[in-house]
Amino acid sequence: MTRIVHLSDLHFGLHRAALTDALLERVNRARADLVVVTGDVTHRGRRDQYAQAAAFLKRIEAPLMAVPGNHDVPLYNLAVRYLAPYAGFRRVMGPDLTPTRQAGAVRVLGLNSVDPFAVQRGIIREGEIGRLIGGLDPQAMNIVALHHPLEQLAEVDKEPTLRAPEALARLERAGAQIVLSGHLHVWATGAMLDQTAHRGVLQVQAGTALCGRPSDRQNEFAVLQLDGPLLTIERHIAPMDEPSFRPPEYEHFSRESGIWVAHQPAETPIVPGATETAFSTA
């Protein structure tokens, strides 16, 4: 069994400061084998915002990997945006924008989907799909982590990621099983599975973990518990008008015939540090 915490869209600089300790406590209590951050660590890519992000992230007890988001490059400093867009991210998160990590029987491959020449739209660069396919482990559960989704629900009005359809189709054929993303600040997993033609890949689109925009209405993060072909997702939600996270909600999936199926087992599995009781007082 492997446990992966999925954080996205922390937006330090426009974050709910009062929620940071509660988020940190909940993440550490999840006892994850790996924490994956899918971009927008900062709100505007400024040095002070990266300092805030670094102070938070260094307190996470599990191993951590991160890929950049469109908010992690400066918006208004055009010289830096075009000449050294990832300087701040690399200074805090490390030099590798496309890290790969192994956690038990799970392999997570990072992808940088940021286009510094666009404000919010993502891009899959030439050669990146082949690199990811070459990094897949046929003996593992393979997860691709990036900021911009490879597909969007029909009601989403943001510009889709360039070359995303090709990437999703080729990754599915090559054996990638899960894609983690953020960017939209809207949770979509089961709903995405209902709309996509690519049921061999479960797309876990996270909400925002800390962004304080009132229009987001809530903050949240997810914990993926993988046990062979079985996946349980714990969704931890903190509404904007509440001071902390509620007990987790659960989604259950299985992948036994090459496609993902959502289901509801007879009872929610109990794991150390992740039971309803353990989280009920957080």
# chains A, B, ... in the order shown; residues from 1 in each chain; ligands from 1
call {"tool": "residues_around", "arguments": {"residues": "Gly190 of chain A", "least_positions_apart": "3", "cutoff": "10 Å", "atoms": "only C-alpha atoms", "output": "VMD selection string"}}
result
chain A and resid 187 193 to 195 202 to 205 251 to 253 260 to 263
call {"tool": "select_by_dssp", "arguments": {"residues": "segment 24-220 of chain A", "states": "strand (DSSP E)", "output": "CSV table (one decimal) with N, CA, C and O atoms, in the first residue's frame"}}
result
chain,number,residue,atom,x,y,z
A,34,LEU,N,4.8,10.0,-0.1
A,34,LEU,CA,5.3,11.0,-1.0
A,34,LEU,C,4.2,12.1,-1.0
A,34,LEU,O,3.0,11.9,-1.0
A,35,VAL,N,4.7,13.4,-1.0
A,35,VAL,CA,3.8,14.5,-1.2
A,35,VAL,C,4.1,15.1,-2.6
A,35,VAL,O,5.3,15.4,-2.9
A,36,VAL,N,3.1,15.3,-3.5
A,36,VAL,CA,3.2,15.8,-4.8
A,36,VAL,C,2.5,17.1,-4.9
A,36,VAL,O,1.3,17.2,-4.6
A,37,VAL,N,3.3,18.2,-5.3
A,37,VAL,CA,2.7,19.5,-5.4
A,37,VAL,C,2.6,19.9,-6.9
A,37,VAL,O,3.7,20.0,-7.6
A,38,THR,N,1.4,20.1,-7.4
A,38,THR,CA,1.2,20.3,-8.8
A,38,THR,C,1.1,21.8,-9.1
A,38,THR,O,0.1,22.2,-9.8
A,64,LEU,N,9.0,15.0,-0.8
A,64,LEU,CA,8.2,15.9,-1.5
A,64,LEU,C,8.8,16.1,-2.9
A,64,LEU,O,10.0,16.2,-3.1
A,65,MET,N,7.9,16.3,-3.9
A,65,MET,CA,8.3,16.7,-5.2
A,65,MET,C,7.3,17.7,-5.7
A,65,MET,O,6.2,17.8,-5.3
A,66,ALA,N,7.8,18.6,-6.6
A,66,ALA,CA,6.9,19.7,-7.1
A,66,ALA,C,7.2,20.0,-8.6
A,66,ALA,O,8.4,19.9,-9.0
A,67,VAL,N,6.2,20.4,-9.3
A,67,VAL,CA,6.3,21.0,-10.6
A,67,VAL,C,5.8,22.4,-10.6
A,67,VAL,O,4.9,22.7,-9.8
A,100,THR,N,11.2,12.9,-11.0
A,100,THR,CA,10.6,11.6,-11.0
A,100,THR,C,10.9,11.0,-9.6
A,100,THR,O,12.0,11.1,-9.1
A,101,ARG,N,9.9,10.4,-9.0
A,101,ARG,CA,10.1,9.8,-7.7
A,101,ARG,C,9.4,8.4,-7.7
A,101,ARG,O,8.4,8.2,-8.3
A,102,GLN,N,10.0,7.5,-6.9
A,102,GLN,CA,9.4,6.2,-6.7
A,102,GLN,C,9.0,6.1,-5.3
A,102,GLN,O,9.8,6.4,-4.3
A,103,ALA,N,7.8,5.6,-5.0
A,103,ALA,CA,7.3,5.4,-3.7
A,103,ALA,C,6.6,4.0,-3.7
A,103,ALA,O,5.5,3.8,-4.1
A,106,VAL,N,4.7,2.6,-6.7
A,106,VAL,CA,4.2,3.8,-7.5
A,106,VAL,C,5.3,4.6,-8.0
A,106,VAL,O,6.2,4.9,-7.3
A,107,ARG,N,5.2,5.0,-9.3
A,107,ARG,CA,6.2,5.9,-9.9
A,107,ARG,C,5.5,7.2,-10.3
A,107,ARG,O,4.5,7.1,-11.0
A,108,VAL,N,6.0,8.3,-9.9
A,108,VAL,CA,5.5,9.6,-10.2
A,108,VAL,C,6.4,10.4,-11.1
A,108,VAL,O,7.6,10.6,-10.7
A,109,LEU,N,6.0,10.8,-12.3
A,109,LEU,CA,6.8,11.5,-13.2
A,109,LEU,C,6.3,12.9,-13.4
A,109,LEU,O,5.1,13.1,-13.7
A,110,GLY,N,7.1,13.9,-13.1
A,110,GLY,CA,6.7,15.3,-13.2
A,110,GLY,C,6.8,15.8,-14.7
A,110,GLY,O,7.7,15.4,-15.4
A,141,MET,N,2.5,1.3,-10.7
A,141,MET,CA,1.4,2.2,-11.0
A,141,MET,C,2.1,3.6,-11.4
A,141,MET,O,2.7,4.2,-10.5
A,142,ASN,N,1.9,4.0,-12.6
A,142,ASN,CA,2.5,5.2,-13.1
A,142,ASN,C,1.6,6.4,-13.0
A,142,ASN,O,0.5,6.4,-13.6
A,143,ILE,N,2.1,7.5,-12.4
A,143,ILE,CA,1.4,8.7,-12.2
A,143,ILE,C,2.1,9.8,-12.9
A,143,ILE,O,3.3,10.0,-12.7
A,144,VAL,N,1.5,10.6,-13.7
A,144,VAL,CA,2.0,11.8,-14.3
A,144,VAL,C,1.5,13.0,-13.5
A,144,VAL,O,0.3,13.1,-13.3
A,145,ALA,N,2.4,13.9,-13.1
A,145,ALA,CA,2.0,15.1,-12.3
A,145,ALA,C,2.4,16.3,-13.1
A,145,ALA,O,3.5,16.5,-13.4
A,178,ILE,N,-2.6,7.2,-14.0
A,178,ILE,CA,-3.2,8.3,-13.2
A,178,ILE,C,-2.5,9.6,-13.7
A,178,ILE,O,-1.3,9.6,-13.9
A,179,VAL,N,-3.2,10.7,-13.8
A,179,VAL,CA,-2.7,12.1,-14.0
A,179,VAL,C,-3.2,13.0,-12.8
A,179,VAL,O,-4.4,13.1,-12.6
A,180,LEU,N,-2.2,13.6,-12.2
A,180,LEU,CA,-2.5,14.6,-11.1
A,180,LEU,C,-2.3,16.0,-11.7
A,180,LEU,O,-1.3,16.3,-12.3
A,181,SER,N,-3.3,16.9,-11.5
A,181,SER,CA,-3.1,18.2,-12.0
A,181,SER,C,-3.9,19.2,-11.1
A,181,SER,O,-4.5,18.8,-10.1
A,202,LEU,N,-7.0,7.7,-14.9
A,202,LEU,CA,-7.8,8.5,-14.0
A,202,LEU,C,-7.2,9.9,-13.8
A,202,LEU,O,-6.0,10.0,-13.3
A,203,GLN,N,-7.9,10.9,-14.1
A,203,GLN,CA,-7.5,12.3,-14.0
A,203,GLN,C,-8.0,12.8,-12.7
A,203,GLN,O,-9.2,13.0,-12.5
A,204,VAL,N,-7.0,13.1,-11.8
A,204,VAL,CA,-7.3,13.7,-10.5
A,204,VAL,C,-7.0,15.2,-10.5
A,204,VAL,O,-5.8,15.5,-10.5
A,205,GLN,N,-8.0,16.0,-10.7
A,205,GLN,CA,-7.8,17.4,-10.8
A,205,GLN,C,-8.2,18.0,-9.4
A,205,GLN,O,-9.3,18.0,-9.0
A,218,GLN,N,-13.9,27.2,-1.2
A,218,GLN,CA,-13.3,26.2,-0.3
A,218,GLN,C,-11.8,25.9,-0.6
A,218,GLN,O,-11.4,26.2,-1.8
A,219,ASN,N,-11.1,25.4,0.3
A,219,ASN,CA,-9.8,24.9,0.1
A,219,ASN,C,-9.8,23.4,0.3
A,219,ASN,O,-10.7,22.9,1.0
A,220,GLU,N,-8.9,22.7,-0.4
A,220,GLU,CA,-8.9,21.2,-0.2
A,220,GLU,C,-7.6,20.6,-0.8
A,220,GLU,O,-6.8,21.2,-1.5
call {"tool": "residues_around", "arguments": {"residues": "Thr2 of chain A", "least_positions_apart": "4", "cutoff": "7 Å", "atoms": "only C-alpha atoms", "output": "PDB file with C-alpha atoms, in the first residue's frame"}}
result
ATOM      1  CA  ASP A  33       5.027   8.023   1.340  1.00  0.00           C
ATOM      2  CA  ALA A 103       7.289   5.377  -3.674  1.00  0.00           C
ATOM      3  CA  GLY A 104       6.826   1.666  -3.194  1.00  0.00           C
ATOM      4  CA  GLN A 225      -4.118   5.354  -1.153  1.00  0.00           C
ATOM      5  CA  LEU A 226      -3.013   2.805  -3.758  1.00  0.00           C
ATOM      6  CA  ASP A 227      -3.126  -0.923  -3.148  1.00  0.00           C
TER       7      ASP A 227
END
call {"tool": "closest_residue", "arguments": {"among": "A:Gly135, A:Gly39, A:Pro160, A:Pro149", "to": "Ala188 of chain A", "atoms": "only C-alpha atoms"}}
result
A:Pro149
call {"tool": "atom_distance", "arguments": {"atom1": "atom CA of Lys58 of chain A", "atom2": "atom CA of His43 of chain A"}}
result
18.5 Å
call {"tool": "select_by_dssp", "arguments": {"residues": "segment 74-272 of chain A", "states": "helix (DSSP H, G or I)", "output": "MDAnalysis selection string"}}
result
chainID A and resid 78:83 87:93 128:135 164:174 190:195 214:216
call {"tool": "write_last_selection", "arguments": {"atoms": "C-alpha atoms", "output": "PDB file, in the first residue's frame"}}
result
ATOM      1  CA  LEU A  78       8.723  40.830 -18.055  1.00  0.00           C
ATOM      2  CA  ALA A  79      12.511  40.588 -18.250  1.00  0.00           C
ATOM      3  CA  VAL A  80      12.610  37.807 -15.665  1.00  0.00           C
ATOM      4  CA  ARG A  81       9.465  36.203 -17.056  1.00  0.00           C
ATOM      5  CA  TYR A  82      11.030  35.745 -20.481  1.00  0.00           C
ATOM      6  CA  LEU A  83      14.741  35.323 -19.643  1.00  0.00           C
ATOM      7  CA  ALA A  87      14.691  31.159 -11.237  1.00  0.00           C
ATOM      8  CA  GLY A  88      12.560  31.642  -8.122  1.00  0.00           C
ATOM      9  CA  PHE A  89      11.024  28.180  -8.334  1.00  0.00           C
ATOM     10  CA  ARG A  90      14.413  26.522  -8.753  1.00  0.00           C
ATOM     11  CA  ARG A  91      15.881  28.473  -5.849  1.00  0.00           C
ATOM     12  CA  VAL A  92      13.240  27.136  -3.464  1.00  0.00           C
ATOM     13  CA  MET A  93      12.067  23.841  -4.954  1.00  0.00           C
ATOM     14  CA  GLU A 128       8.053  15.750 -23.376  1.00  0.00           C
ATOM     15  CA  ILE A 129       5.491  13.071 -24.206  1.00  0.00           C
ATOM     16  CA  GLY A 130       8.246  10.754 -25.399  1.00  0.00           C
ATOM     17  CA  ARG A 131      10.308  11.476 -22.287  1.00  0.00           C
ATOM     18  CA  LEU A 132       7.395  10.541 -20.043  1.00  0.00           C
ATOM     19  CA  ILE A 133       6.656   7.371 -21.991  1.00  0.00           C
ATOM     20  CA  GLY A 134      10.310   6.378 -21.737  1.00  0.00           C
ATOM     21  CA  GLY A 135      10.176   6.837 -17.970  1.00  0.00           C
ATOM     22  CA  ALA A 164      -2.989  17.941 -24.309  1.00  0.00           C
ATOM     23  CA  PRO A 165      -5.203  15.589 -26.387  1.00  0.00           C
ATOM     24  CA  GLU A 166      -2.141  14.023 -28.016  1.00  0.00           C
ATOM     25  CA  ALA A 167      -0.393  13.703 -24.664  1.00  0.00           C
ATOM     26  CA  LEU A 168      -3.358  12.039 -22.988  1.00  0.00           C
ATOM     27  CA  ALA A 169      -3.936   9.565 -25.819  1.00  0.00           C
ATOM     28  CA  ARG A 170      -0.279   8.567 -26.098  1.00  0.00           C
ATOM     29  CA  LEU A 171       0.212   8.273 -22.346  1.00  0.00           C
ATOM     30  CA  GLU A 172      -2.861   6.068 -22.057  1.00  0.00           C
ATOM     31  CA  ARG A 173      -1.613   3.771 -24.824  1.00  0.00           C
ATOM     32  CA  ALA A 174       1.827   3.589 -23.202  1.00  0.00           C
ATOM     33  CA  GLY A 190     -15.349  10.908 -10.735  1.00  0.00           C
ATOM     34  CA  ALA A 191     -17.016  13.585 -12.877  1.00  0.00           C
ATOM     35  CA  MET A 192     -14.018  13.622 -15.199  1.00  0.00           C
ATOM     36  CA  LEU A 193     -14.170   9.841 -15.503  1.00  0.00           C
ATOM     37  CA  ASP A 194     -17.817  10.108 -16.529  1.00  0.00           C
ATOM     38  CA  GLN A 195     -17.018  12.524 -19.388  1.00  0.00           C
ATOM     39  CA  PRO A 214     -13.647  34.219  -2.088  1.00  0.00           C
ATOM     40  CA  SER A 215     -14.752  32.869  -5.466  1.00  0.00           C
ATOM     41  CA  ASP A 216     -13.020  29.570  -4.706  1.00  0.00           C
TER      42      ASP A 216
END
call {"tool": "closest_residue", "arguments": {"among": "A:Arg235, A:Arg121, A:Arg59, A:Arg44", "to": "Pro85 of chain A", "atoms": "only C-alpha atoms"}}
result
A:Arg44
